[in-house]
Structures are given as C-alpha cells and as structure tokens.
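Asks: Here's a structure for you.
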Amino acid sequence: MSTTILQLLASGIGTGSIYALIALGFNVVFKSTGAMNFAQGEWVVMGGMIAALLAHGFSSIAVSCLVAVLLVTIFGMLSERLVIFPLRRPNALLITLVSIGLAICTRSLVMLLLGKQPVGYPGFSKATTLWISGVSIQTQTLWIIGITLAFLVVMHLFFERTILGKALRAAAADREAAAIVGVKVETMVLLSFGIAAFAGALAGAIITPLTLASYDQGAMFSFKGFSAAMLGGVGSLPGAVIGGLALGLLESLGSFYISSDFKDAIAFAVLLGILFARPSGLLGRADIVKV
Amino acid sequence: MTSVLLKVEDLVCRFGGLTAIANLTFDVMPGQIKAVIGPNGAGKSTLFNVIAGVTRPSEGRIWFDGERLDGLAPFQRAGRGIARTFQNLQIFRELSVLENVMVGRHLHGSVGLCQTILRGAALRSEERAIAAAAMELLENFGLAGLAQLQAGKLSFGQMKMLELARALAGEPRLLLLDEPAAGLPPAEADRMAEIITSLNRRGMTVLLVEHNMRMVMSLAHEILVLNNGARIAEGTAEQVRRQPEVIAAYLGEAADA
Amino acid sequence: MPSQKAVPMPRPAAAGSQAPAGNVIEPAAPDKNAIGTRLAGDWPVILAWLVLLPVPLVASNDYLVSLANAALINLILIASLNLLMGFGGQISLGHAGFFGLGAYASGILNARWGISAWLGLPFGVIVASLAALLIGIPALRLRGLYLSMATLGFNSILFVLFNRLVGLTGGPNGLLGVQPFSLFGWPLDNEVKAFPLIWLLTLLVMLSIRHLLQSRNGRALRAVATNEMGADAVGINSFRTKLLFFVLAAAMAGVAGSLYVHTNQYASPETFDISNSILLVVMVALGGSGTYWGPVAGALILTVVPQLLLDYEDAELMLFGLGMLIVLIAFPAGLAGVPEAVMQRLKSRRR
C-alpha cells in the first residue's frame with residue numbers, strides 16, 4: 001500500500017477516534033432522554049481549552065488534561081441539574097431545545113472566561129512525529145487512538161459489568177420499567193450527562209495539540225458527532241465507534257482525493273446519505289427509526 | 001342474507017419465539033356486540049392491534065365489509081370505518097375537549113388548502129358544521145359544559161367518555177373498544193355499558209376486549225374466549241360460561257364477578 | 001402590543017383550572033388560541049397591522065424604517081417556523097436555508113437574467129417548497145430527531161453551495177446587482193418605499209397562519225404533534241400532515257427571502273447559515289412556542305436586541321441563551337405568555 005494511503009488511514013483513524021468519543025457522548029444522552037444534545041461539542045471545546053491553559057501553568061500535561069476533563073464533567077453534571085432537572089414535563093423535544101440554550105450559554109461562558117484566542121499545548125510525547133516504514137504519523141494521533149481505545153474498554157466494562165451501568169441501560173431502554181424496579185431515572189439522566197461531558201472533554205483535551213482549541217469550534221464538533229452517531233446507528237454505543245471511525249476515514253480520504261475545501265461538507269453529505277439510504281445507520285435497529 | 005362485517009381468518013402472530021396468536025378465525029356480524037375475553041397474556045391486545053393495523057400479523061387475512069385490510073396503515077383503516085379506543089387512553093391532552101371531538105371528524109372535511117388559507121365561505125361553513133356535530137356529541141356524553149377545557153384536565157372517567165365521543169365523531173361502522181371499563185368505578189362502568197348498549201341499539205357494531213365479566217355477560221351478544229392465543233370457546237354468555245375449558249383457563253385468575 | 005386573545009373566551013366551568021402548566025412545545029391551551037365554536041376573527045391582526053402602517057411616516061429616519069422592515073421579515077421567518085415547531089412539534093434546523101433559497105432564487109433570476117422581482121417572488125417560493133419536499137419526504141417518515149438532523153445537514157450543504165457556486169451566487173462576497181421590486185416602473189428602492197409591500201406580505205402570511213390553524217388541517221397538525229397514535233386512530237395521515245406544514249413553512253421562508261434580497265439588493269451566504277437557523281429556533285422558543293403572537297415577541301427581540309447591544313456584541317448570544325433557558329424552564333408559554341403567567345400568579349395569591 002502506498003505511504004499516502006497509510007498516512008491518510010492513520011489520520012483518518014485519529015480524527016475518527018475523536019468523532020467516536022463525541023458520538024458516544026451523544027448516544028449516551030440520547031439513550032436516556034431521546035434528545036439531541038447540542039452542548040456536546042461545547043464540552044469538547046471546553047475540555048481542550050482548559051487542558052491547554054492548565055498545561056501552560058502545570059508542568060505535567062497529563063495532570064492538566066485530567067483536571068480539565070474532571071472540571072468539564074462536573075460542569076456538565078451541574079448543567080443537567082440546573083436546566084434539565086427542573087423541567088416539569090421533560091420530553092425529547094423540550095430537552096433538545098434546552099440543550100440549544102445550554103450550548104449557547106456554555107459557548108458564551110467559554111468565550112468570556114477563556115478568551116477568543118485559539119490555544120494549544122505540545123502533545124503528550126516529546127517527539128511529534130514518528131516514522132514507521134516510511135509513513136509519518138503524529139505521535140499525538142497514536143495517543144488519541146490509544147486513549148480512545150482505553151476509554152472504550154472502560155465504557156464497555158462499565159455498561160456490562162457494573163450495576164450502575166446496567167441501571168443506566170435499563171433506564172435508557174424503558175424508563176417506566178426501570179423506575180418500577182427502583183432505578184432513579186433522574187439520576188440516570190444526570191449520570192449520562194456526566195459521561196457525555198467526560199467523553200467530550202477527553203476528546204477535546206487530546207485533539208488540541210493537533211488542531212488548537214478555540215471557542216467557536218463547538219458547533220462543528222457537535223454536528224460531526226451527530227453525523228457519526230447517525231452513521232453508526234443512533235443509540236448504539238458500538239455504532240458510535242464504527243460511525244466515528246467511518247466518518248474520520250471518509251473525511252480523510254475524501255479531502256485528499258476529492259477536495260480539501262469540501263472537507264466539512266463531507267460530514268453533512270454522509271449524514272444526508274445515511275438518513276435517506278439507511279436511516280437506522282450501519283448498526284442501528286430499524287424499529288427505532290420509523291414512526 | 002346478512003354479510004359479515006369483520007372476518008378474521010387463520011390469524012397467526014409470532015414475535016421472535018413467542019406465538020401471541022395461533023390460527024385464530026372468527027367473524028363479527030353487523031349490529032353485533034362481540035366481546036373478546038381471556039386470561040392475561042391470552043393475546044387480546046395483540047388481536048386488537050392487528051385489526052387496527054398497528055401490528056402486522058405473521059399469517060392470516062382480515063376482511064372488513066368484504067375488503068381486505070392487509071397492508072393498510074392504521075389511519076387508512078380508520079378511513080374504512082373502523083374506530084377504536086385505547087386501553088391507556090390516547091386523547092389529545094393539549095387540545096380542548098371540543099377540539100378532540102372535532103378532530104374525530106377529520107375525515108368528514110374536504111375543504112382544500114387554498115380555501116383554507118383564504119378562509120373562504122366553504123371553510124367557514126365546514127368549520128361551523130364540524131363544531132356543531134362535535135358539540136352535539138359532547139352533549140350526548142354530558143361533556144358539553146367542559147367543551148373549552150383542556151382535555152388533559154379531565155378526570156379519568158371523563159377522558160374515557162371523551163375518547164369514545166371522538167371515536168364516534170367519525171361515524172364509524174365498527175367500534176373497537178379496548179377495555180372500556182378499565183379503571184372505572186362500578187357506577188361509571190355501568191354508565192359506559194349503558195352507552196354501548198344504546199349505541200348498539202342504533203345499529204353500531206362493537207368488538208370489545210374486556211376483563212369486567214359483569215359488563216361482558218350483560219352486554220355481549222357473543223363472546224370469544226382466548227387462551228394462549230387460540231380460541232377455546234365462542235358463543236353466547238350462557239354457552240361460554242358453562243364450558244369446562246373456559247372455567248379451567250380462569251382457574252387461578254381472580255374473577256371479577 | 002395587541003392583546004393575545006382574539007375572542008373573549010368563556011372561562012372553563014370545571015373547578016380548579018390553573019394556568020396550563022404544559023411545556024412550551026405543546027400546542028397552547030384553548031385560552032391562548034381562542035379556538036371555540038366560533039372562528040377567531042381576523043380583525044385583531046388587521047387592526048394591529050393598521051397601527052403599524054404609519055411607521056414610515058412617523059419614523060424620524062430611514063434607519064428606523066429599515067429596522068421595521070427587518071422585524072417584519074424576521075416575523076415571517078419566526079412565525080412560519082413556529083407553525084411547524086410550536087404547533088407541529090417538529091424542530092427544523094434548516095429554516096435559514098429555505099430563507100436563503102428564496103433569496104438566491106429570486107435574486108439570481110433578477111441579477112443574472114433581469115427577470116422582474118414579481119416573478120422572482122413566486123419562483124423563490126417554488127424553489128424553497130420543492131427543496132422542502134425533497135428533504136421532507138424521506139425525513140418525515142422517520143422519528144422527529146431525524147428531521148432535525150436532515151435539516152441540519154441540508155442547511156450546512158446549502159451553505160457550502162451558496163459559497164462555492166460563485167458563478168451563480170457570487171460566493172462569499174455575495175450576490176450583487178439585485179434590483180428592487182418596482183410598481184408600474186417606479187422602483188421601491190429605499191426602505192420607506194419598500195415598507196408597504198413588506199408590510200402587506202407579512203400581514204398576508206400572518207393571516208394565512210391564522211386561517212391554517214383554525215381549520216381541520218391545523219387541528220390535524222396539532223393532533224399529530226400531541227399524540228400521533230391518537231391521530232392515526234381518527235384517520236389522519238400523519239406523514240402527509242407533517243409534510244404539508246413543512247413545505248408551507250419553507251414556502252413562507254421563501255417569501256421572506258425574496259423580500260429580503262430585493263429590499264437589500266444583496267444577499268450573502270452567512271445570513272443563511274446554520275447558526276441563524278438555530279437562532280430562529282431560539283426566537284421561536286423565546287417568544288412563545290405554540291402561541292399565535294409569540295413570534296411577534298421573538299421578531300422584536302431578534303431585531304431590536306442586537307441594535308441595543310451594539311457595543312456588547314459578545315453578551316448578545318449569552319443573553320439569548322439565558323433568556324431561552326429561563327423561558328423554557330420557568331415560562332413555558334414564552335415571553336408572550338409572561339403577562340398571563342404573572343396574572344395567574346397574582347390571582348392565586350389573592351386567594
């Protein structure tokens with residue numbers, strides 16, 4: 001295989017991992033509320049910016065990232081308590097709208113508190129590029145792939161092996177049934193927001209060395225995350241991974257072979273294509289789709 | 001010769017490994033009140049959902065007034081003259097009581113889009129007619145005083161009445177009543193039974209699913225007993241209540257009457 | 001501002017009715033829509049519009065008239081989106097896209113081929129409607145979420161097209177050389193002259209919406225939004241109902257687009273991007289989703305607030321976001337419902 005293709009694959013999988021994380025966060029909230037969470041991308045930006053700003057202060061980049069992710073997770077959960085929890089008649093439509101308001105406020109907060117300047121920090125490794133059999137790969141990309149994998153494993157274990165994880169799945173599958181067996185649905189929504197914020201912030205923190213973080217990227221991250229989730233099958237956690245990777249690869253290959261100008265349009269073309277050809281996505285179930 | 005209004009033939013419903021309905025065949029004659037009873041899990045709700053078009057059967061045929069219903073969506077079946085109520089009430093809570101019934105007459109309007117946008121004379125007279133018809137129904141059900149109230153604020157019993165009024169607004173030929181007495185105190189359940197009887201006396205065909213045995217025994221001309229998705233008995237109240245299979249199926253079930 | 005109630009409503013006879021606690025998305029309670037056995041008349045709307053008519057005469061400068069024009073065009077956009085979203089329960093994230101299609105279709109016809117704006121207007125409406133049909137037919141067969149996604153993707157792609165098809169649209173620099181509407185050879189080439197036409201078309205759109213809501217189609221839409229299963233049971237074709245209103249809303253946005261491009265004699269892609277679609281959604285919610293007069297509040301906010309906050313541009317977005325959250329959580333009927341909500345609270349305290 002030519003080195004170009006390998007390089008494209010590597011960067012595609014790297015970006016794809018980020019999309020997978022965002023899509024995962026989106027899916028978790030979708031499963032527990034039925035709503036599209038527009039704040040998802042803003043958490044990505046938040047995580048990236050806070051990580052970058054802390055990295056300038058602290059000597060340890062790892063600690064900075066960790067703190068950033070934790071801060072955003074707390075912020076996400078606080079947001080849920082402040083704007084979702086008080087809703088008297090929460091339904092998917094209303095929560096979606098509230099998330100739009102939340103996204104706007106979050107973005108404004110980031111802009112006001114963290115500034116409009118794009119920020120970044122050097123990657124996790126001293127060396128920024130690796131040469132493997134003639135192909136140059138950003139070390140940060142390898143970190144991204146590795147960390148994403150680790151996170152996915154943790155998520156899998158969480159949902160399959162822990163009681164809390166199973167409770168969350170139960171609440172997502174059938175609110176009323178779960179409530180009857182004692183699962184507190186409101187707590188599950190809080191938890192899902194926490195997980196989504198965590199995943200988003202993680203994505204932001206680890207991509208920042210490659211792309212820089214800036215307050216206005218949130219919308220694009222959200223939309224690409226939505227596309228990836230749709231592609232893989234909304235509500236399917238493995239689908240988030242498949243969808244994210246597929247989208248990343250499509251973007252990477254597409255922007256090289258077709259046009260780099262249209263890179264962003266690729267995600268949307270994919271979104272529309274999937275919606276019209278196979279709305280349940282690659283892994284989704286057809287029954288959750290048709291009215 | 002009286003022709004059959006609803007004909008169900010060789011109906012089979014399988015969900016994964018579970019057979020909810022097994023080779024069911026029965027008829028409903030015009031002007032009849034037929035009740036479907038059976039222990040929980042007998043397949044009654046599935047049967048209703050299949051007739052209404054919400055669930056697709058694995059095998060079998062259904063005819064309504066001589067025409068096949070297969071493949072028709074629920075709204076199309078309503079268009080053929082089948083109206084239904086729901087066990088868990090599907091009224092329009094945000095609309096007013098009057099609007100709920102007016103919506104029931106949806107298929108009786110025909111004014112086009114242009115007329116609507118211009119609010120021409122045709123639209124105005126159609127709206128008046130629909131409102132008048134709906135009001136009349138509400139009066140019959142004793143809900144006229146609540147016409148402007150948001151439907152979500154009604155009591156449970158009133159909501160059941162409203163849903164029935166809405167179903168009737170479309171002037172259907174077959175009424176599918178899904179547990180009309182469920183959740184009602186005895187006095188209101190009796191009232192419901194009276195209404196059903198009087199509707200039937202004026203020619204309405206009714207197919208109902210019900211657990212309230214007193215109501216079933218007093219109302220129904222014919223009773224179909226299901227167990228495990230299959231028919232175990234069919235006949236008048238007298239015939240059915242004596243059959244050993246029926247008694248056996250209900251043993252262990254708390255009988256209502 | 002004109003009162004919300006069109007016809008005095010008999011107070012519900014049943015005991016204990018409080019202010020409807022429903023959330024802002026559900027179609028409003030009967031009190032707000034004044035739907036009774038009589039049709040709520042057109043007179044309140046016409047009267048309100050007559051009050052507006054002398055604006056260009058009393059306004060001290062052209063700038064105020066341009067604000068009025070902008071507010072009216074925004075009203076068309078917000079009211080049409082409200083029809084779909086507030087009454088129909090469908091979130092469209094592509095409304096600015098249909099606005100843009102109307103603008104570019106009408107503008108390009110004029111700027112490139114010299115065709116009169118009077119023909120451009122219906123053409124813009126047709127283009128927007130066809131696009132809505134194209135997107136709506138596949139998307140509306142799916143769950144609600146999917147329409148949001150489809151319109152999001154649609155608007156985003158449109159934005160790319162508006163920017164890239166430079167030969168047609170003028171690209172990022174915008175479409176130039178668009179001629180205004182002209183009446184018997186007399187061009188409506190400034191804000192004051194354009195006002196009556198914009199005023200009239202906005203009035204017609206608002207009346208159309210009023211008429212649509214009080215018809216069986218309007219009831220069908222609200223029924224589908226409230227309870228699709230119940231709507232099926234009475235014979236309503238939910239898909240066709242949703243599609244109809246999706247196309248109607250897009251058509252109205254197309255009208256706004258044509259008005260916009262011929263009044264400003266210019267159009268550029270960033271007016272029609274996804275963030276403006278989202279802003280329109282915010283305005284629907286802020287003004288009072290699912291109420292008839294809510295869009296007026298939304299249009300006023302959208303037009304006036306940025307002018308007031310000229311020096312504090314950054315705060316503007318935050319304000320909108322906060323406002324939207326407060327409204328959605330505390331005032332389900334939106335800003336248009338605040339007076340009523342306050343009244344209810346006062347009344348209950350008096351007891």
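To be explicit about the labels: the chains of the structure tokens are called A, B, and onward in the order shown, and within each one the residues are counted from 1, while ligands get numbers from 1 in the order they are shown.
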Need to verify the contact set: Ile13 in chain A, 9 Å, only C-alpha atoms, exclusion of same-chain residues closer than 3 positions in sequence. Can you return it as a list in words?

Replies: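 Once the nearby chain positions are removed, what remains is Leu8, Leu9, Ala10, Gly16, Ser17, Ile18, Thr141, Ile145, Gly244, Leu245, Ala246, Gly248, Leu249 and Ser252 of chain A.
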
Asks: Just write the chosen residues, C-alpha atoms, as a compact mmCIF listing (two decimals), in the first residue's frame.

Replies:
# COMPACT_ATOMS: atom_id res chain seq x y z
CA LEU A 8 -4.50 9.05 5.32
CA LEU A 9 -5.69 5.97 7.17
CA ALA A 10 -3.73 6.93 10.24
CA GLY A 16 -12.33 9.15 13.72
CA SER A 17 -11.48 8.34 17.30
CA ILE A 18 -12.37 11.86 18.31
CA THR A 141 -2.56 10.59 16.83
CA ILE A 145 -6.17 6.17 19.30
CA GLY A 244 -16.90 7.83 14.20
CA LEU A 245 -14.15 5.83 12.56
CA ALA A 246 -16.02 5.67 9.29
CA GLY A 248 -12.99 10.12 10.11
CA LEU A 249 -11.79 7.89 7.30
CA SER A 252 -9.52 11.97 5.46

Asks: Just need the residues of chain B within 6 Å of chain C, counting only C-alpha atoms, so spit them out as a list in words.

Replies: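 Going by the stated atoms only, the list reads Pro74, Phe75, Ala78, Gly79, Gln90, Phe92, Ser96, Gly104, Ile117, Arg119, Ala131 and Leu149 of chain B.
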
Asks: Please write the residues from the selection above to a file, keeping N, CA and C atoms, as a PDB file, in the first residue's frame.

Replies:
ATOM      1  N   PRO B  74     -52.854   2.169  10.013  1.00  0.00           N
ATOM      2  CA  PRO B  74     -53.967   2.449  10.920  1.00  0.00           C
ATOM      3  C   PRO B  74     -54.857   3.587  10.438  1.00  0.00           C
ATOM      4  N   PHE B  75     -54.257   4.650   9.916  1.00  0.00           N
ATOM      5  CA  PHE B  75     -55.123   5.765   9.538  1.00  0.00           C
ATOM      6  C   PHE B  75     -56.004   5.402   8.356  1.00  0.00           C
ATOM      7  N   ALA B  78     -58.981   3.525   9.693  1.00  0.00           N
ATOM      8  CA  ALA B  78     -59.963   4.470  10.229  1.00  0.00           C
ATOM      9  C   ALA B  78     -60.787   5.018   9.079  1.00  0.00           C
ATOM     10  N   GLY B  79     -60.131   5.227   7.955  1.00  0.00           N
ATOM     11  CA  GLY B  79     -60.829   5.732   6.784  1.00  0.00           C
ATOM     12  C   GLY B  79     -61.867   4.761   6.244  1.00  0.00           C
ATOM     13  N   GLN B  90     -55.587   7.501  24.444  1.00  0.00           N
ATOM     14  CA  GLN B  90     -54.737   8.313  23.582  1.00  0.00           C
ATOM     15  C   GLN B  90     -55.496   9.546  23.127  1.00  0.00           C
ATOM     16  N   PHE B  92     -56.078  13.736  22.970  1.00  0.00           N
ATOM     17  CA  PHE B  92     -55.151  14.835  22.720  1.00  0.00           C
ATOM     18  C   PHE B  92     -55.206  15.774  23.917  1.00  0.00           C
ATOM     19  N   SER B  96     -58.438  21.193  23.318  1.00  0.00           N
ATOM     20  CA  SER B  96     -59.604  21.291  24.181  1.00  0.00           C
ATOM     21  C   SER B  96     -60.494  20.076  23.971  1.00  0.00           C
ATOM     22  N   GLY B 104     -61.938  14.155  15.653  1.00  0.00           N
ATOM     23  CA  GLY B 104     -62.542  12.873  15.331  1.00  0.00           C
ATOM     24  C   GLY B 104     -63.294  12.907  14.012  1.00  0.00           C
ATOM     25  N   ILE B 117     -56.519  28.688   3.364  1.00  0.00           N
ATOM     26  CA  ILE B 117     -55.657  29.838   3.562  1.00  0.00           C
ATOM     27  C   ILE B 117     -56.432  31.139   3.375  1.00  0.00           C
ATOM     28  N   ARG B 119     -59.571  31.425   3.920  1.00  0.00           N
ATOM     29  CA  ARG B 119     -60.728  31.371   4.804  1.00  0.00           C
ATOM     30  C   ARG B 119     -61.987  31.741   4.030  1.00  0.00           C
ATOM     31  N   ALA B 131     -67.904  21.851  14.149  1.00  0.00           N
ATOM     32  CA  ALA B 131     -68.065  22.239  15.550  1.00  0.00           C
ATOM     33  C   ALA B 131     -69.447  21.860  16.059  1.00  0.00           C
ATOM     34  N   LEU B 149     -62.422  23.261  27.965  1.00  0.00           N
ATOM     35  CA  LEU B 149     -61.376  22.866  28.900  1.00  0.00           C
ATOM     36  C   LEU B 149     -60.309  22.058  28.182  1.00  0.00           C
TER      37      LEU B 149
END

Asks: Would you mind telling me which residue in A:Phe193, A:Phe256, A:Phe151, A:Phe262 lies nearest to chain C when using only C-alpha atoms?

Replies: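 Of all the options, A:Phe262 lies closest to chain C.
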
Asks: So which residues of range 75-228 of chain A fall under alpha helix (DSSP H) by DSSP, listed as an MDAnalysis selection string?

Replies: chainID A and resid 75:79 92:114 139:161 163:173 175:180 185:211 218:228

Asks: Looking at A:Gly48, A:Gly165, A:Pro86, A:Gly232, which one is nearest to chain C, with distances taken over only C-alpha atoms?

Replies: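 Of all the options, A:Pro86 lies closest to chain C.
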
Asks: Between CA of Ala182 in chain B and CA of Arg214 in chain B, what is the distance in Å, rounded to a tenth?

Replies: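 Going from CA of Ala182 in chain B over to CA of Arg214 in chain B covers 12.5 Å.
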
Asks: Report as a list of chain:residue names all protein, DNA and RNA residues lying within 10 Å of Ile278 in chain C, evaluated on only C-alpha atoms, omitting residues in the same chain fewer than 3 positions from it.

Replies: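 Those residues are A:Leu97, A:Ile100, A:Gly101, A:Ile104, C:Ile91, C:Ser92, C:Leu93, C:Gly94, C:His95, C:Ala96, C:Leu152, C:Asp273, C:Ile274, C:Ser275, C:Val281, C:Val282, C:Met283, C:Val284.
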
Asks: Would you pick out the contacts of Thr25 in chain B at 12 Å or less, using only C-alpha atoms, so that residues sharing its chain but fewer than 5 positions from it are not included, and give the list as a list of chain:residue names?

Replies: B:Leu6, B:Lys7, B:Val8, B:Glu9, B:Asp10, B:Leu11, B:Val12, B:Leu47, B:Glu59, B:Gly60, B:Arg61, B:Ile62, B:Trp63, B:Leu224, B:Val225, B:Leu226, B:Gly229, B:Ala230, B:Arg231, B:Ile232, B:Ala233, B:Glu234

Asks: Per residue of chain A within 9 Å of chain C, what are the shortest atom pair and its distance in Å to one decimal, counting only C-alpha atoms, with rows by chain and residue number, as a tab-separated table?

Replies:
residue	atom	partner	partner_atom	distance
A:Gly34	CA	C:Leu145	CA	8.3
A:Ala35	CA	C:Leu145	CA	7.4
A:Met36	CA	C:Leu145	CA	7.2
A:Val83	CA	C:Leu325	CA	7.1
A:Ile84	CA	C:Ile329	CA	8.3
A:Pro86	CA	C:Ile329	CA	6.8
A:Leu87	CA	C:Ile329	CA	5.6
A:Arg88	CA	C:Asn23	CA	7.5
A:Arg89	CA	C:Asn23	CA	6.3
A:Pro90	CA	C:Asn23	CA	8.2
A:Ala92	CA	C:Leu145	CA	8.6
A:Leu93	CA	C:Ile25	CA	7.4
A:Leu94	CA	C:Ile25	CA	6.6
A:Leu97	CA	C:Val282	CA	7.9
A:Val98	CA	C:Leu325	CA	6.1
A:Ser99	CA	C:Leu325	CA	8.7
A:Ile100	CA	C:Gly321	CA	7.8
A:Gly101	CA	C:Gly321	CA	4.5
A:Leu102	CA	C:Gly321	CA	6.7
A:Ala103	CA	C:Gly321	CA	7.8
A:Ile104	CA	C:Gly321	CA	5.2
A:Cys105	CA	C:Gly321	CA	5.2
A:Thr106	CA	C:Met318	CA	8.4
A:Arg107	CA	C:Met318	CA	8.1
A:Ser108	CA	C:Met318	CA	5.3
A:Leu109	CA	C:Met318	CA	7.7
A:Met111	CA	C:Asp314	CA	8.3
A:Leu112	CA	C:Asp314	CA	8.0
A:Ala219	CA	C:Ser275	CA	8.5
A:Phe223	CA	C:Leu152	CA	8.1
A:Phe226	CA	C:Met149	CA	7.8
A:Ser227	CA	C:Met149	CA	8.1
A:Met230	CA	C:Met149	CA	8.7
A:Phe262	CA	C:Val160	CA	7.8
A:Asp264	CA	C:Val160	CA	8.8
A:Ala265	CA	C:Ile157	CA	6.0
A:Ile266	CA	C:Ile157	CA	8.9
A:Ala267	CA	C:Gly153	CA	8.4
A:Phe268	CA	C:Gly153	CA	4.8
A:Ala269	CA	C:Gly153	CA	7.1
A:Val270	CA	C:Gly153	CA	8.8
A:Leu271	CA	C:Gly153	CA	6.4
A:Leu272	CA	C:Ala150	CA	6.0
A:Leu275	CA	C:Ala150	CA	7.0
A:Phe276	CA	C:Pro138	CA	6.0
A:Pro279	CA	C:Leu142	CA	7.9
A:Ile288	CA	C:Arg143	CA	7.9
A:Val289	CA	C:Leu142	CA	5.5
A:Lys290	CA	C:Leu142	CA	4.5
A:Val291	CA	C:Arg143	CA	5.2

Asks: Find the distance between CA of Ala71 in chain C and CA of Ile126 in chain C and write it in Å to one decimal.

Replies: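 Between CA of Ala71 in chain C and CA of Ile126 in chain C the gap works out to 23.7 Å.
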
Asks: Work out how far CA of Thr55 in chain B is from CA of Val181 in chain A, in Å to one decimal.

Replies: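 One can read the CA of Val181 in chain A to CA of Thr55 in chain B distance as 28.0 Å.
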
Asks: Rank C:Phe87, C:Trp113, C:Phe99, C:Trp293 by their smallest atom-to-atom distance to Val178 in chain C, using only C-alpha atoms, and report the top residue only.

Replies: C:Trp113

Asks: Could you tell me which of B:Met159, B:Arg14, B:Ser3, B:Ala73 comes closest to chain A if we count only C-alpha atoms?

Replies: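 Counting only C-alpha atoms, the residue closest to chain A is B:Ala73.
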
Asks: As a PyMOL selection string, please: every residue in range 3-190 of chain B that DSSP puts in strand (DSSP E or B).

Replies: chain B and resi 6-15+18-28+33-37+59-64+67-68+82-84+96+150+174-178

Asks: Could those residues be written to a file, using N, CA and C atoms, as a short mmCIF file (atom, residue, chain, number, x, y, z; two decimals), in the first residue's frame?

Replies:
data_model
loop_
_atom_site.label_atom_id
_atom_site.label_comp_id
_atom_site.auth_asym_id
_atom_site.auth_seq_id
_atom_site.Cartn_x
_atom_site.Cartn_y
_atom_site.Cartn_z
N LEU B 6 -66.77 -8.02 9.92
CA LEU B 6 -65.34 -8.21 10.13
C LEU B 6 -65.06 -9.69 10.10
N LYS B 7 -64.11 -10.09 9.29
CA LYS B 7 -63.77 -11.50 9.21
C LYS B 7 -62.28 -11.68 9.45
N VAL B 8 -61.96 -12.45 10.46
CA VAL B 8 -60.57 -12.76 10.75
C VAL B 8 -60.35 -14.23 10.42
N GLU B 9 -59.33 -14.50 9.62
CA GLU B 9 -59.15 -15.87 9.16
C GLU B 9 -57.71 -16.34 9.33
N ASP B 10 -57.56 -17.43 10.06
CA ASP B 10 -56.25 -18.08 10.21
C ASP B 10 -55.16 -17.13 10.66
N LEU B 11 -55.49 -16.30 11.60
CA LEU B 11 -54.54 -15.28 12.04
C LEU B 11 -53.46 -15.90 12.92
N VAL B 12 -52.21 -15.59 12.57
CA VAL B 12 -51.09 -16.06 13.38
C VAL B 12 -50.17 -14.86 13.66
N CYS B 13 -49.75 -14.74 14.91
CA CYS B 13 -48.82 -13.67 15.26
C CYS B 13 -47.67 -14.23 16.05
N ARG B 14 -46.51 -14.12 15.46
CA ARG B 14 -45.32 -14.62 16.17
C ARG B 14 -44.36 -13.47 16.41
N PHE B 15 -43.90 -13.34 17.64
CA PHE B 15 -42.86 -12.36 17.95
C PHE B 15 -41.64 -13.12 18.43
N LEU B 18 -42.12 -16.28 20.53
CA LEU B 18 -43.41 -16.34 21.20
C LEU B 18 -44.54 -16.27 20.17
N THR B 19 -45.51 -17.16 20.31
CA THR B 19 -46.69 -17.11 19.45
C THR B 19 -47.82 -16.47 20.22
N ALA B 20 -48.12 -15.22 19.85
CA ALA B 20 -49.14 -14.49 20.60
C ALA B 20 -50.54 -14.87 20.14
N ILE B 21 -50.68 -15.17 18.85
CA ILE B 21 -51.99 -15.60 18.33
C ILE B 21 -51.77 -16.80 17.43
N ALA B 22 -52.57 -17.83 17.64
CA ALA B 22 -52.35 -19.07 16.89
C ALA B 22 -53.60 -19.48 16.12
N ASN B 23 -53.54 -19.35 14.82
CA ASN B 23 -54.62 -19.81 13.94
C ASN B 23 -56.01 -19.41 14.42
N LEU B 24 -56.22 -18.10 14.53
CA LEU B 24 -57.49 -17.63 15.04
C LEU B 24 -58.42 -17.29 13.89
N THR B 25 -59.62 -17.77 13.97
CA THR B 25 -60.63 -17.45 12.95
C THR B 25 -61.93 -17.11 13.65
N PHE B 26 -62.50 -15.95 13.30
CA PHE B 26 -63.82 -15.62 13.83
C PHE B 26 -64.43 -14.52 13.01
N ASP B 27 -65.72 -14.32 13.19
CA ASP B 27 -66.45 -13.28 12.46
C ASP B 27 -67.11 -12.33 13.44
N VAL B 28 -67.37 -11.13 12.93
CA VAL B 28 -68.24 -10.22 13.67
C VAL B 28 -69.35 -9.81 12.71
N ILE B 33 -72.71 -7.11 19.24
CA ILE B 33 -71.68 -6.75 20.21
C ILE B 33 -70.94 -8.03 20.53
N LYS B 34 -69.66 -8.05 20.16
CA LYS B 34 -68.87 -9.24 20.41
C LYS B 34 -67.77 -8.90 21.39
N ALA B 35 -67.61 -9.72 22.41
CA ALA B 35 -66.58 -9.47 23.40
C ALA B 35 -65.49 -10.51 23.28
N VAL B 36 -64.26 -10.07 23.45
CA VAL B 36 -63.12 -10.99 23.46
C VAL B 36 -62.60 -11.03 24.90
N ILE B 37 -62.62 -12.19 25.48
CA ILE B 37 -62.12 -12.28 26.85
C ILE B 37 -61.07 -13.38 26.93
N GLU B 59 -49.20 -14.35 9.78
CA GLU B 59 -50.00 -15.02 8.74
C GLU B 59 -51.45 -14.64 8.94
N GLY B 60 -52.24 -14.85 7.94
CA GLY B 60 -53.68 -14.69 8.12
C GLY B 60 -54.24 -13.55 7.30
N ARG B 61 -55.56 -13.50 7.29
CA ARG B 61 -56.23 -12.49 6.50
C ARG B 61 -57.33 -11.84 7.32
N ILE B 62 -57.55 -10.59 7.07
CA ILE B 62 -58.64 -9.89 7.72
C ILE B 62 -59.44 -9.16 6.66
N TRP B 63 -60.76 -9.35 6.71
CA TRP B 63 -61.65 -8.64 5.79
C TRP B 63 -62.55 -7.72 6.58
N PHE B 64 -62.76 -6.53 6.07
CA PHE B 64 -63.72 -5.63 6.66
C PHE B 64 -64.73 -5.28 5.57
N GLU B 67 -63.69 -6.28 2.14
CA GLU B 67 -62.41 -5.85 1.57
C GLU B 67 -61.27 -6.19 2.50
N ARG B 68 -60.15 -6.60 1.90
CA ARG B 68 -59.01 -6.96 2.71
C ARG B 68 -58.39 -5.75 3.39
N ILE B 82 -63.38 1.98 10.65
CA ILE B 82 -63.06 1.31 11.91
C ILE B 82 -62.54 2.36 12.89
N ALA B 83 -63.22 2.49 14.01
CA ALA B 83 -62.77 3.44 15.02
C ALA B 83 -62.37 2.66 16.26
N ARG B 84 -61.45 3.21 17.03
CA ARG B 84 -61.04 2.47 18.21
C ARG B 84 -60.79 3.37 19.38
N SER B 96 -58.44 21.19 23.32
CA SER B 96 -59.60 21.29 24.18
C SER B 96 -60.49 20.08 23.97
N GLN B 150 -59.09 22.22 28.61
CA GLN B 150 -58.01 21.43 28.05
C GLN B 150 -58.23 19.97 28.44
N LEU B 174 -67.61 0.17 12.66
CA LEU B 174 -67.19 -0.81 13.64
C LEU B 174 -66.44 -0.07 14.74
N LEU B 175 -66.82 -0.35 15.96
CA LEU B 175 -66.14 0.25 17.10
C LEU B 175 -65.28 -0.80 17.78
N LEU B 176 -63.98 -0.53 17.88
CA LEU B 176 -63.12 -1.43 18.63
C LEU B 176 -62.89 -0.78 19.99
N LEU B 177 -63.40 -1.39 21.04
CA LEU B 177 -63.25 -0.81 22.37
C LEU B 177 -62.25 -1.63 23.18
N ASP B 178 -61.15 -1.00 23.53
CA ASP B 178 -60.10 -1.70 24.26
C ASP B 178 -60.27 -1.44 25.75
#

Asks: List the neighbours of Gly203 in chain B out to 10 Å using only C-alpha atoms; skip same-chain residues closer than 6 positions along the sequence, and give me the result as a ChimeraX atom specification.

Replies: /B:30-32,173-174,197
